[in-house]
$ cat my_file12.tsv   # TSV, C-alpha atoms
chain	number	residue	atom	x	y	z
A	1	MET	CA	0.00	0.00	0.00
A	2	LYS	CA	1.40	3.38	-0.98
A	3	TYR	CA	0.27	6.12	1.37
A	4	TYR	CA	0.16	9.00	-1.08
A	5	ALA	CA	-1.21	9.46	-4.58
A	6	LYS	CA	1.57	9.76	-7.17
A	7	PRO	CA	1.55	13.55	-7.70
A	8	LEU	CA	1.50	14.13	-3.93
A	9	ASN	CA	4.30	11.63	-3.42
A	10	ARG	CA	6.39	13.41	-6.05
A	11	LEU	CA	5.77	16.79	-4.42
A	12	ILE	CA	6.78	15.49	-0.97
A	13	ASN	CA	9.85	13.93	-2.54
A	14	GLU	CA	10.93	17.16	-4.25
A	15	LEU	CA	10.28	19.27	-1.16
A	16	SER	CA	12.29	16.96	1.07
A	17	LYS	CA	15.37	17.58	-1.10
A	18	LEU	CA	15.49	21.16	0.23
A	19	PRO	CA	17.92	21.87	3.08
A	20	GLY	CA	16.41	21.58	6.56
A	21	ILE	CA	13.21	20.00	5.20
A	22	GLY	CA	12.77	16.45	6.48
A	23	GLY	CA	10.10	13.94	5.57
A	24	LYS	CA	7.55	15.17	8.11
A	25	THR	CA	7.99	18.84	7.19
A	26	ALA	CA	7.83	18.01	3.48
A	27	GLN	CA	4.52	16.22	4.07
A	28	ARG	CA	3.16	19.17	6.05
A	29	LEU	CA	4.24	21.63	3.35
A	30	ALA	CA	2.78	19.44	0.59
A	31	PHE	CA	-0.61	19.20	2.32
A	32	HIS	CA	-0.50	22.95	2.87
A	33	ILE	CA	0.27	23.60	-0.80
A	34	LEU	CA	-2.66	21.39	-1.80
A	35	SER	CA	-4.95	23.34	0.53
A	36	MET	CA	-3.85	26.69	-0.92
A	37	ASP	CA	-5.79	28.55	-3.61
A	38	GLU	CA	-4.84	27.28	-7.04
A	39	LYS	CA	-3.62	30.79	-7.91
A	40	GLU	CA	-1.31	30.95	-4.89
A	41	ALA	CA	0.12	27.49	-5.48
A	42	LEU	CA	0.83	28.23	-9.13
A	43	ALA	CA	2.41	31.55	-8.12
A	44	LEU	CA	4.84	29.60	-5.93
A	45	ALA	CA	5.66	27.19	-8.77
A	46	ASP	CA	6.10	30.09	-11.20
A	47	SER	CA	8.35	32.03	-8.85
A	48	ILE	CA	10.71	29.04	-8.65
A	49	LYS	CA	10.75	28.61	-12.42
A	50	ASP	CA	11.11	32.32	-13.05
A	51	ALA	CA	13.89	32.85	-10.50
A	52	LYS	CA	15.80	29.82	-11.73
A	53	THR	CA	15.61	30.84	-15.40
A	54	SER	CA	16.16	34.60	-15.03
A	55	MET	CA	18.79	34.72	-12.29
A	56	ARG	CA	22.44	34.28	-13.22
A	57	TYR	CA	25.82	35.30	-11.88
A	58	CYS	CA	27.17	38.82	-12.44
A	59	SER	CA	30.11	38.65	-14.84
A	60	ILE	CA	32.05	41.15	-12.71
A	61	CYS	CA	31.46	40.28	-9.06
A	62	GLY	CA	29.83	36.84	-9.28
A	63	ASN	CA	26.77	37.85	-7.27
A	64	LEU	CA	23.30	36.56	-8.15
A	65	THR	CA	21.49	38.98	-10.44
A	66	ASP	CA	18.81	39.26	-13.10
A	67	VAL	CA	20.75	41.91	-15.04
A	68	ASP	CA	24.41	41.75	-16.03
A	69	PRO	CA	26.38	43.55	-14.65
A	70	CYS	CA	24.45	43.49	-11.37
A	71	VAL	CA	22.90	46.61	-9.83
A	72	ILE	CA	25.79	46.98	-7.38
A	73	CYS	CA	28.53	46.68	-10.03
A	74	SER	CA	26.74	49.18	-12.29
A	75	ASP	CA	26.20	51.67	-9.45
A	76	ASP	CA	28.80	54.39	-10.16
A	77	SER	CA	28.11	56.22	-6.90
A	78	ARG	CA	29.86	53.51	-4.90
A	79	ASP	CA	33.40	53.69	-3.59
A	80	LYS	CA	35.63	52.25	-6.32
A	81	SER	CA	38.60	51.89	-3.98
A	82	LEU	CA	36.95	49.14	-1.91
A	83	ILE	CA	36.12	45.52	-2.70
A	84	CYS	CA	34.63	43.24	-0.06
A	85	VAL	CA	35.31	39.54	-0.68
A	86	VAL	CA	32.56	37.19	0.54
A	87	GLU	CA	31.82	33.48	0.18
A	88	SER	CA	28.20	33.57	-1.00
A	89	PRO	CA	25.46	35.83	-2.41
A	90	ALA	CA	23.68	35.61	0.96
A	91	ASP	CA	26.72	37.30	2.52
A	92	VAL	CA	26.30	40.25	0.14
A	93	VAL	CA	22.73	40.66	1.41
A	94	ALA	CA	23.95	40.53	5.03
A	95	MET	CA	26.58	43.23	4.28
A	96	GLU	CA	24.11	45.44	2.40
A	97	LYS	CA	21.66	45.28	5.29
A	98	ILE	CA	24.05	47.23	7.56
A	99	ARG	CA	23.59	50.16	5.09
A	100	GLU	CA	27.09	51.39	5.85
A	101	TYR	CA	29.43	49.71	3.40
A	102	ARG	CA	29.54	51.60	0.10
A	103	GLY	CA	32.20	49.69	-1.84
A	104	TYR	CA	31.85	46.83	-4.28
A	105	TYR	CA	31.77	43.07	-3.72
A	106	HIS	CA	33.35	39.92	-4.98
A	107	VAL	CA	31.58	36.60	-4.41
A	108	LEU	CA	33.88	33.57	-4.25
A	109	HIS	CA	31.10	30.92	-4.28
A	110	GLY	CA	32.86	28.85	-1.69
A	111	ALA	CA	36.07	28.75	0.30
A	112	ILE	CA	39.34	26.92	-0.09
A	113	SER	CA	39.01	23.54	1.60
A	114	PRO	CA	41.71	20.97	0.80
A	115	MET	CA	39.80	18.40	2.90
A	116	ASP	CA	36.87	18.62	0.46
A	117	GLY	CA	39.14	18.90	-2.56
A	118	VAL	CA	38.32	22.58	-3.14
A	119	GLY	CA	41.43	24.45	-4.25
A	120	PRO	CA	41.99	28.13	-5.16
A	121	GLU	CA	41.14	27.36	-8.79
A	122	ASP	CA	37.71	25.98	-7.79
A	123	ILE	CA	36.42	29.26	-6.40
A	124	ASN	CA	35.71	32.55	-8.20
A	125	LEU	CA	39.19	33.96	-7.55
A	126	LYS	CA	40.68	34.46	-11.02
A	127	SER	CA	38.24	37.22	-11.93
A	128	LEU	CA	39.11	39.01	-8.67
A	129	ILE	CA	42.75	39.23	-9.74
A	130	THR	CA	41.63	40.64	-13.11
A	131	ARG	CA	39.52	43.25	-11.32
A	132	LEU	CA	42.52	44.34	-9.28
A	133	HIS	CA	44.57	44.93	-12.45
A	134	ASP	CA	41.90	47.08	-14.09
A	135	ASP	CA	40.46	49.06	-11.24
A	136	GLU	CA	41.45	51.81	-8.89
A	137	VAL	CA	41.10	49.41	-5.96
A	138	ARG	CA	43.04	50.36	-2.85
A	139	GLU	CA	41.67	47.99	-0.26
A	140	LEU	CA	40.35	44.44	-0.22
A	141	ILE	CA	38.18	43.62	2.79
A	142	ILE	CA	38.07	39.87	3.29
A	143	ALA	CA	34.77	38.87	4.87
A	144	THR	CA	34.91	35.10	4.47
A	145	ASN	CA	33.38	33.10	7.32
A	146	PRO	CA	35.35	32.79	10.58
A	147	ASN	CA	35.96	29.05	10.26
A	148	ILE	CA	38.93	27.00	9.09
A	149	GLU	CA	38.03	27.22	5.37
A	150	GLY	CA	37.22	30.92	5.56
A	151	GLU	CA	40.47	31.71	7.38
A	152	ALA	CA	42.51	29.62	4.96
A	153	THR	CA	40.91	31.45	2.04
A	154	ALA	CA	41.58	34.83	3.68
A	155	MET	CA	45.25	33.93	4.26
A	156	TYR	CA	45.62	32.67	0.69
A	157	ILE	CA	44.13	35.80	-0.85
A	158	ALA	CA	46.17	38.07	1.44
A	159	ARG	CA	49.43	36.39	0.42
A	160	LEU	CA	48.43	36.51	-3.23
A	161	ILE	CA	47.43	40.19	-3.29
A	162	LYS	CA	49.78	41.91	-0.83
A	163	PRO	CA	52.82	42.02	-3.16
A	164	SER	CA	50.77	44.19	-5.56
A	165	GLY	CA	50.62	46.94	-2.91
A	166	ILE	CA	46.86	46.77	-2.36
A	167	LYS	CA	45.85	46.86	1.30
A	168	VAL	CA	44.22	43.60	2.43
A	169	SER	CA	42.12	43.67	5.61
A	170	ARG	CA	40.06	41.08	7.48
A	171	ILE	CA	36.78	41.81	9.28
A	172	ALA	CA	37.09	41.76	13.08
A	173	HIS	CA	36.32	38.70	15.12
A	174	GLY	CA	35.17	39.11	18.70
A	175	ILE	CA	32.20	39.09	21.04
A	176	PRO	CA	28.99	39.80	19.09
A	177	VAL	CA	27.11	42.91	20.16
A	178	GLY	CA	24.49	41.91	22.72
A	179	GLY	CA	26.45	38.72	23.40
A	180	ASP	CA	27.53	37.60	26.81
A	181	LEU	CA	31.22	37.30	27.74
A	182	GLU	CA	30.38	34.40	30.00
A	183	TYR	CA	29.07	32.30	27.11
A	184	ALA	CA	31.68	33.20	24.48
A	185	ASP	CA	33.91	30.32	23.41
A	186	GLU	CA	37.65	30.53	24.05
A	187	VAL	CA	38.67	31.17	20.45
A	188	THR	CA	36.23	34.05	20.06
A	189	LEU	CA	37.38	35.55	23.35
A	190	LEU	CA	41.03	35.18	22.32
A	191	LYS	CA	40.25	36.94	19.02
A	192	ALA	CA	38.44	39.68	20.96
A	193	ILE	CA	41.50	40.29	23.13
A	194	GLU	CA	43.92	40.14	20.19
A	195	GLY	CA	41.76	42.64	18.33
A	196	ARG	CA	41.36	45.07	21.24
A	197	ARG	CA	41.38	48.77	20.42
A	198	GLU	CA	42.47	51.76	22.47
A	199	LEU	CA	39.61	53.90	23.76
B	1	MET	CA	18.67	49.90	-2.01
B	2	LYS	CA	16.77	46.67	-2.47
B	3	TYR	CA	18.79	43.69	-1.34
B	4	TYR	CA	17.50	41.13	-3.81
B	5	ALA	CA	16.90	41.13	-7.54
B	6	LYS	CA	13.18	41.06	-8.36
B	7	PRO	CA	12.79	37.34	-9.28
B	8	LEU	CA	14.72	36.34	-6.15
B	9	ASN	CA	12.65	38.67	-4.02
B	10	ARG	CA	9.46	37.17	-5.41
B	11	LEU	CA	10.70	33.63	-4.72
B	12	ILE	CA	11.61	34.49	-1.11
B	13	ASN	CA	8.22	36.12	-0.72
B	14	GLU	CA	6.31	33.09	-2.00
B	15	LEU	CA	8.36	30.65	0.09
B	16	SER	CA	7.82	32.64	3.27
B	17	LYS	CA	4.05	32.17	2.89
B	18	LEU	CA	4.49	28.45	3.68
B	19	PRO	CA	3.83	27.34	7.26
B	20	GLY	CA	6.89	27.31	9.51
B	21	ILE	CA	9.02	29.10	6.91
B	22	GLY	CA	10.16	32.49	8.18
B	23	GLY	CA	12.10	35.16	6.33
B	24	LYS	CA	15.55	33.73	7.08
B	25	THR	CA	14.57	30.18	6.10
B	26	ALA	CA	12.87	31.45	2.94
B	27	GLN	CA	16.09	33.25	1.98
B	28	ARG	CA	18.16	30.13	2.63
B	29	LEU	CA	15.77	27.96	0.60
B	30	ALA	CA	15.72	30.51	-2.24
B	31	PHE	CA	19.51	30.63	-2.47
B	32	HIS	CA	19.56	26.85	-2.35
B	33	ILE	CA	17.03	26.60	-5.18
B	34	LEU	CA	19.12	29.00	-7.27
B	35	SER	CA	22.21	26.88	-6.64
B	36	MET	CA	20.42	23.69	-7.73
B	37	ASP	CA	20.67	22.23	-11.23
B	38	GLU	CA	18.15	23.85	-13.54
B	39	LYS	CA	16.56	20.43	-14.07
B	40	GLU	CA	16.10	19.85	-10.35
B	41	ALA	CA	14.66	23.31	-9.71
B	42	LEU	CA	12.19	22.98	-12.56
B	43	ALA	CA	11.23	19.50	-11.29
B	44	LEU	CA	10.31	21.11	-7.96
B	45	ALA	CA	8.24	23.80	-9.69
B	46	ASP	CA	6.54	21.21	-11.87
B	47	SER	CA	5.74	18.93	-8.97
B	48	ILE	CA	3.90	21.79	-7.24
B	49	LYS	CA	1.96	22.67	-10.38
B	50	ASP	CA	1.21	19.03	-11.17
B	51	ALA	CA	0.10	18.12	-7.65
B	52	LYS	CA	-2.08	21.21	-7.40
B	53	THR	CA	-3.80	20.63	-10.72
B	54	SER	CA	-4.21	16.83	-10.57
B	55	MET	CA	-5.08	16.29	-6.91
B	56	ARG	CA	-8.70	16.67	-5.82
B	57	TYR	CA	-10.96	15.33	-3.08
B	58	CYS	CA	-12.46	11.85	-3.33
B	59	SER	CA	-16.22	12.16	-3.86
B	60	ILE	CA	-16.84	9.34	-1.37
B	61	CYS	CA	-14.47	9.81	1.56
B	62	GLY	CA	-13.12	13.34	0.97
B	63	ASN	CA	-9.48	12.24	1.03
B	64	LEU	CA	-6.93	13.79	-1.33
B	65	THR	CA	-6.58	11.75	-4.49
B	66	ASP	CA	-5.61	11.88	-8.15
B	67	VAL	CA	-8.32	9.38	-9.15
B	68	ASP	CA	-11.97	9.48	-8.14
B	69	PRO	CA	-12.99	7.44	-6.17
B	70	CYS	CA	-9.66	7.23	-4.35
B	71	VAL	CA	-7.59	4.03	-4.19
B	72	ILE	CA	-8.85	3.25	-0.69
B	73	CYS	CA	-12.54	3.72	-1.54
B	74	SER	CA	-12.18	1.59	-4.66
B	75	ASP	CA	-10.33	-1.19	-2.81
B	76	ASP	CA	-12.95	-3.94	-2.46
B	77	SER	CA	-10.75	-6.10	-0.24
B	78	ARG	CA	-11.21	-3.71	2.68
B	79	ASP	CA	-13.61	-4.23	5.54
B	80	LYS	CA	-16.89	-2.60	4.52
B	81	SER	CA	-18.23	-2.66	8.06
B	82	LEU	CA	-15.73	-0.07	9.34
B	83	ILE	CA	-15.36	3.65	8.68
B	84	CYS	CA	-12.72	5.69	10.48
B	85	VAL	CA	-13.56	9.39	10.74
B	86	VAL	CA	-10.51	11.74	10.69
B	87	GLU	CA	-10.01	15.48	10.46
B	88	SER	CA	-7.49	15.71	7.61
B	89	PRO	CA	-5.87	13.75	4.76
B	90	ALA	CA	-2.63	13.69	6.77
B	91	ASP	CA	-4.47	11.69	9.44
B	92	VAL	CA	-5.37	9.04	6.84
B	93	VAL	CA	-1.66	8.68	6.07
B	94	ALA	CA	-0.89	8.32	9.79
B	95	MET	CA	-3.56	5.62	10.15
B	96	GLU	CA	-2.44	3.76	7.02
B	97	LYS	CA	1.15	3.69	8.29
B	98	ILE	CA	0.21	1.39	11.16
B	99	ARG	CA	-0.72	-1.23	8.49
B	100	GLU	CA	-3.35	-2.68	10.76
B	101	TYR	CA	-6.59	-0.87	10.03
B	102	ARG	CA	-8.38	-2.38	7.02
B	103	GLY	CA	-11.61	-0.39	6.94
B	104	TYR	CA	-12.49	2.75	5.03
B	105	TYR	CA	-12.10	6.42	5.93
B	106	HIS	CA	-14.06	9.61	6.02
B	107	VAL	CA	-12.18	12.93	6.04
B	108	LEU	CA	-14.04	15.80	7.71
B	109	HIS	CA	-11.64	18.58	6.61
B	110	GLY	CA	-11.80	20.25	9.97
B	111	ALA	CA	-13.57	19.94	13.29
B	112	ILE	CA	-16.56	21.64	14.82
B	113	SER	CA	-15.39	24.81	16.53
B	114	PRO	CA	-18.06	27.33	17.53
B	115	MET	CA	-15.30	29.73	18.67
B	116	ASP	CA	-14.03	29.93	15.08
B	117	GLY	CA	-17.52	29.87	13.62
B	118	VAL	CA	-17.15	26.34	12.26
B	119	GLY	CA	-20.42	24.45	12.64
B	120	PRO	CA	-21.42	20.88	11.68
B	121	GLU	CA	-22.51	22.11	8.24
B	122	ASP	CA	-19.03	23.53	7.54
B	123	ILE	CA	-17.26	20.18	7.68
B	124	ASN	CA	-17.62	17.16	5.38
B	125	LEU	CA	-20.30	15.51	7.51
B	126	LYS	CA	-23.35	15.34	5.25
B	127	SER	CA	-21.76	12.83	2.89
B	128	LEU	CA	-20.88	10.63	5.90
B	129	ILE	CA	-24.56	10.35	6.77
B	130	THR	CA	-25.32	9.38	3.17
B	131	ARG	CA	-22.63	6.70	3.30
B	132	LEU	CA	-24.18	5.23	6.43
B	133	HIS	CA	-27.55	4.91	4.67
B	134	ASP	CA	-26.12	3.09	1.67
B	135	ASP	CA	-23.47	0.89	3.14
B	136	GLU	CA	-23.16	-2.16	5.30
B	137	VAL	CA	-21.36	-0.11	7.95
B	138	ARG	CA	-21.48	-1.50	11.46
B	139	GLU	CA	-18.95	0.64	13.28
B	140	LEU	CA	-17.75	4.22	13.06
B	141	ILE	CA	-14.33	4.80	14.67
B	142	ILE	CA	-13.95	8.48	15.49
B	143	ALA	CA	-10.28	9.46	15.29
B	144	THR	CA	-10.54	13.25	15.49
B	145	ASN	CA	-7.74	14.97	17.40
B	146	PRO	CA	-7.80	14.81	21.22
B	147	ASN	CA	-8.44	18.54	21.70
B	148	ILE	CA	-11.58	20.55	22.46
B	149	GLU	CA	-12.66	20.80	18.81
B	150	GLY	CA	-11.94	17.13	18.11
B	151	GLU	CA	-13.82	16.00	21.21
B	152	ALA	CA	-16.78	18.24	20.42
B	153	THR	CA	-16.89	16.83	16.89
B	154	ALA	CA	-16.70	13.26	18.22
B	155	MET	CA	-19.56	13.90	20.66
B	156	TYR	CA	-21.66	15.55	17.96
B	157	ILE	CA	-21.21	12.67	15.51
B	158	ALA	CA	-21.83	10.08	18.21
B	159	ARG	CA	-25.15	11.68	19.19
B	160	LEU	CA	-26.13	12.01	15.54
B	161	ILE	CA	-25.36	8.42	14.54
B	162	LYS	CA	-26.15	6.33	17.62
B	163	PRO	CA	-29.95	6.33	17.13
B	164	SER	CA	-29.42	4.56	13.80
B	165	GLY	CA	-27.99	1.55	15.64
B	166	ILE	CA	-24.47	1.84	14.24
B	167	LYS	CA	-21.73	1.39	16.85
B	168	VAL	CA	-19.72	4.56	17.40
B	169	SER	CA	-16.31	4.26	19.05
B	170	ARG	CA	-13.55	6.71	19.94
B	171	ILE	CA	-9.81	5.95	19.72
B	172	ALA	CA	-8.15	5.56	23.13
B	173	HIS	CA	-6.39	8.43	24.88
B	174	GLY	CA	-3.58	7.66	27.28
B	175	ILE	CA	0.16	7.58	27.78
B	176	PRO	CA	1.92	7.26	24.39
B	177	VAL	CA	4.04	4.15	23.98
B	178	GLY	CA	7.63	4.99	24.93
B	179	GLY	CA	6.34	8.00	26.88
B	180	ASP	CA	7.18	8.71	30.48
B	181	LEU	CA	4.50	8.72	33.18
B	182	GLU	CA	6.43	11.43	35.00
B	183	TYR	CA	6.06	13.87	32.12
B	184	ALA	CA	2.47	13.12	31.11
B	185	ASP	CA	0.02	15.98	31.68
B	186	GLU	CA	-2.85	15.51	34.15
B	187	VAL	CA	-5.59	15.20	31.52
B	188	THR	CA	-3.73	12.50	29.61
B	189	LEU	CA	-3.05	10.60	32.83
B	190	LEU	CA	-6.69	10.90	33.84
B	191	LYS	CA	-7.74	9.54	30.42
B	192	ALA	CA	-5.24	6.71	30.82
B	193	ILE	CA	-6.75	5.70	34.16
B	194	GLU	CA	-10.32	6.05	32.90
B	195	GLY	CA	-9.48	3.88	29.92
B	196	ARG	CA	-7.63	1.18	31.89
B	197	ARG	CA	-8.11	-2.40	30.77
B	198	GLU	CA	-8.02	-5.62	32.71
B	199	LEU	CA	-4.95	-7.74	32.08

$ encode --input "my_file12.tsv" --output "structure tokens"
Amino acid sequence: MKYYAKPLNRLINELSKLPGIGGKTAQRLAFHILSMDEKEALALADSIKDAKTSMRYCSICGNLTDVDPCVICSDDSRDKSLICVVESPADVVAMEKIREYRGYYHVLHGAISPMDGVGPEDINLKSLITRLHDDEVRELIIATNPNIEGEATAMYIARLIKPSGIKVSRIAHGIPVGGDLEYADEVTLLKAIEGRREL
Amino acid sequence: MKYYAKPLNRLINELSKLPGIGGKTAQRLAFHILSMDEKEALALADSIKDAKTSMRYCSICGNLTDVDPCVICSDDSRDKSLICVVESPADVVAMEKIREYRGYYHVLHGAISPMDGVGPEDINLKSLITRLHDDEVRELIIATNPNIEGEATAMYIARLIKPSGIKVSRIAHGIPVGGDLEYADEVTLLKAIEGRREL
């Protein structure tokens, strides 16, 4: 006995491929989708199709975009001397949300991870070097994640770029604002002390 | 500054309408969908469209199905003397998974809830009465949820059906198997004692 009709089974199957969506959640979502208005459900299906077909990577920075170059790369009012290097398009969104950074971005689409067989040539690094030749860039802010892969990538890029005279900086690690010293792990606390600033 | 390109924004928006999917999860899912193979992403979109257009409610039991009557209602090997009344199609799946119950089902699509303005005429009850006239049904097992609405619905159906001579039973409430007596709430424990059986 199969528990679901074929189309429902297929929907549950497809939904459960998404990250963080297990079998139970996929079933709940599927039943919800079937209880939605036809218009709403088709809007969801269309938005997936539309996003997947119209979104591509910016040929300059590698960010996700529907126009090439992306809106950030084609914004001339930004600070041309700054490029912030991040691992993923989601990181660009996180940076933009602070509404303070006015430079450009470069999305690596990953981080160097020899353990997983990801070398420097497997991430979007080559085009960054090209950008540094062409542009009036003076500083590269490396905002890869504060884990082993992110740090390795930051070190690699720093060593690669520094000889060219461009300043390479790394975002600060330390206690998050609103965080509690008592609950900070040792490495974070060590980074916070190392990165202390005179008041 | 908008943080997302329009198609991405629309996708995040549609995903965040799903139950249990907040803004952050919707963003994560959207970025994941964009990083998927085109084939996979379109398969997801298609499965939504296909399920929504091909699934309907069985004209006999009210369960979700792609054929009418549904596979359960058209299965002649089942026990015609039993109908299990449940609130939703998901409950049918839960019942079927025990692989023990061999009767038919009736899906109410809700429960009586005067507080929310849901009366007996707002749930799929009328067709149940019709089924009882036609069929060789001898017992109605009421498996609505063990909450106020489910209990009220069970009581209502019991009062409605009993005069016709059909046996009406309610699934047992008690300590779940593998559960801990220490952590059971008072009402559950009370139900467990009330429903005790001689060994």

$ residues_around --input "my_file12.tsv" --residues "Thr144 (chain B)" --least-positions-apart "2" --cutoff "6 Å" --atoms "all atoms listed in the file" --output "list in words"
Val86, Glu87, Ile142 and Gly150 of chain B

$ interface_residues --input "my_file12.tsv" --of "chain B" --to "chain A" --cutoff "7 Å" --atoms "all atoms listed in the file" --output "CSV table (one decimal) with C-alpha atoms, in the frame of the given file"
chain,number,residue,atom,x,y,z
B,3,TYR,CA,18.8,43.7,-1.3
B,5,ALA,CA,16.9,41.1,-7.5
B,7,PRO,CA,12.8,37.3,-9.3
B,8,LEU,CA,14.7,36.3,-6.2
B,10,ARG,CA,9.5,37.2,-5.4
B,11,LEU,CA,10.7,33.6,-4.7
B,14,GLU,CA,6.3,33.1,-2.0
B,18,LEU,CA,4.5,28.4,3.7
B,19,PRO,CA,3.8,27.3,7.3
B,29,LEU,CA,15.8,28.0,0.6
B,34,LEU,CA,19.1,29.0,-7.3
B,38,GLU,CA,18.2,23.8,-13.5
B,41,ALA,CA,14.7,23.3,-9.7
B,42,LEU,CA,12.2,23.0,-12.6
B,44,LEU,CA,10.3,21.1,-8.0
B,45,ALA,CA,8.2,23.8,-9.7
B,46,ASP,CA,6.5,21.2,-11.9
B,47,SER,CA,5.7,18.9,-9.0
B,48,ILE,CA,3.9,21.8,-7.2
B,49,LYS,CA,2.0,22.7,-10.4
B,50,ASP,CA,1.2,19.0,-11.2
B,51,ALA,CA,0.1,18.1,-7.6
B,52,LYS,CA,-2.1,21.2,-7.4
B,65,THR,CA,-6.6,11.8,-4.5
B,66,ASP,CA,-5.6,11.9,-8.2
B,93,VAL,CA,-1.7,8.7,6.1
B,96,GLU,CA,-2.4,3.8,7.0

$ residues_around --input "my_file12.tsv" --residues "region 187-193 of chain B" --least-positions-apart "5" --cutoff "8 Å" --atoms "only C-alpha atoms" --output "MDAnalysis selection string"
chainID B and resid 173:175 181

$ atom_distance --input "my_file12.tsv" --atom1 "CA of Glu149 (chain A)" --atom2 "CA of Gly117 (chain A)"
11.5 Å

$ atom_distance --input "my_file12.tsv" --atom1 "CA of Gly195 (chain A)" --atom2 "CA of Val107 (chain A)"
25.6 Å

$ atom_distance --input "my_file12.tsv" --atom1 "CA of Ser113 (chain B)" --atom2 "CA of Tyr156 (chain B)"
11.3 Å

$ residues_around --input "my_file12.tsv" --residues "region 129-136 of chain B" --least-positions-apart "5" --cutoff "10 Å" --atoms "all atoms listed in the file" --output "PDB file with C-alpha atoms, in the frame of the given file"
ATOM      1  CA  ILE B  60     -16.840   9.340  -1.370  1.00  0.00           C
ATOM      2  CA  CYS B  61     -14.470   9.810   1.560  1.00  0.00           C
ATOM      3  CA  ASP B  79     -13.610  -4.230   5.540  1.00  0.00           C
ATOM      4  CA  LYS B  80     -16.890  -2.600   4.520  1.00  0.00           C
ATOM      5  CA  SER B  81     -18.230  -2.660   8.060  1.00  0.00           C
ATOM      6  CA  LEU B  82     -15.730  -0.070   9.340  1.00  0.00           C
ATOM      7  CA  ILE B  83     -15.360   3.650   8.680  1.00  0.00           C
ATOM      8  CA  HIS B 106     -14.060   9.610   6.020  1.00  0.00           C
ATOM      9  CA  ASN B 124     -17.620  17.160   5.380  1.00  0.00           C
ATOM     10  CA  ILE B 157     -21.210  12.670  15.510  1.00  0.00           C
ATOM     11  CA  LEU B 160     -26.130  12.010  15.540  1.00  0.00           C
ATOM     12  CA  ILE B 161     -25.360   8.420  14.540  1.00  0.00           C
ATOM     13  CA  SER B 164     -29.420   4.560  13.800  1.00  0.00           C
ATOM     14  CA  ILE B 166     -24.470   1.840  14.240  1.00  0.00           C
TER      15      ILE B 166
END

$ build_atoms --input "my_file12.tsv" --residues "region 72-81 of chain A" --atoms "N, CA, C and O atoms" --output "PDB file, in the coordinates of the input"
ATOM      1  N   ILE A  72      24.706  46.426  -8.206  1.00  0.00           N
ATOM      2  CA  ILE A  72      25.790  46.980  -7.380  1.00  0.00           C
ATOM      3  C   ILE A  72      26.980  47.334  -8.277  1.00  0.00           C
ATOM      4  O   ILE A  72      27.518  48.441  -8.182  1.00  0.00           O
ATOM      5  N   CYS A  73      27.375  46.427  -9.153  1.00  0.00           N
ATOM      6  CA  CYS A  73      28.530  46.680 -10.030  1.00  0.00           C
ATOM      7  C   CYS A  73      28.275  47.846 -10.980  1.00  0.00           C
ATOM      8  O   CYS A  73      29.206  48.537 -11.386  1.00  0.00           O
ATOM      9  N   SER A  74      27.021  48.082 -11.356  1.00  0.00           N
ATOM     10  CA  SER A  74      26.740  49.180 -12.290  1.00  0.00           C
ATOM     11  C   SER A  74      26.354  50.464 -11.569  1.00  0.00           C
ATOM     12  O   SER A  74      25.968  51.439 -12.193  1.00  0.00           O
ATOM     13  N   ASP A  75      26.489  50.464 -10.227  1.00  0.00           N
ATOM     14  CA  ASP A  75      26.200  51.670  -9.450  1.00  0.00           C
ATOM     15  C   ASP A  75      27.492  52.501  -9.330  1.00  0.00           C
ATOM     16  O   ASP A  75      28.387  52.188  -8.554  1.00  0.00           O
ATOM     17  N   ASP A  76      27.564  53.584 -10.101  1.00  0.00           N
ATOM     18  CA  ASP A  76      28.800  54.390 -10.160  1.00  0.00           C
ATOM     19  C   ASP A  76      29.025  55.236  -8.912  1.00  0.00           C
ATOM     20  O   ASP A  76      30.107  55.783  -8.716  1.00  0.00           O
ATOM     21  N   SER A  77      27.967  55.374  -8.085  1.00  0.00           N
ATOM     22  CA  SER A  77      28.110  56.220  -6.900  1.00  0.00           C
ATOM     23  C   SER A  77      28.866  55.523  -5.777  1.00  0.00           C
ATOM     24  O   SER A  77      29.158  56.113  -4.738  1.00  0.00           O
ATOM     25  N   ARG A  78      29.186  54.251  -5.960  1.00  0.00           N
ATOM     26  CA  ARG A  78      29.860  53.510  -4.900  1.00  0.00           C
ATOM     27  C   ARG A  78      31.365  53.807  -4.879  1.00  0.00           C
ATOM     28  O   ARG A  78      31.915  54.336  -5.844  1.00  0.00           O
ATOM     29  N   ASP A  79      31.981  53.425  -3.798  1.00  0.00           N
ATOM     30  CA  ASP A  79      33.400  53.690  -3.590  1.00  0.00           C
ATOM     31  C   ASP A  79      34.246  52.671  -4.373  1.00  0.00           C
ATOM     32  O   ASP A  79      34.339  51.510  -3.991  1.00  0.00           O
ATOM     33  N   LYS A  80      34.883  53.157  -5.443  1.00  0.00           N
ATOM     34  CA  LYS A  80      35.630  52.250  -6.320  1.00  0.00           C
ATOM     35  C   LYS A  80      36.914  51.725  -5.700  1.00  0.00           C
ATOM     36  O   LYS A  80      37.553  50.814  -6.242  1.00  0.00           O
ATOM     37  N   SER A  81      37.330  52.307  -4.566  1.00  0.00           N
ATOM     38  CA  SER A  81      38.600  51.890  -3.980  1.00  0.00           C
ATOM     39  C   SER A  81      38.441  50.647  -3.087  1.00  0.00           C
ATOM     40  O   SER A  81      39.426  50.087  -2.635  1.00  0.00           O
TER      41      SER A  81
END
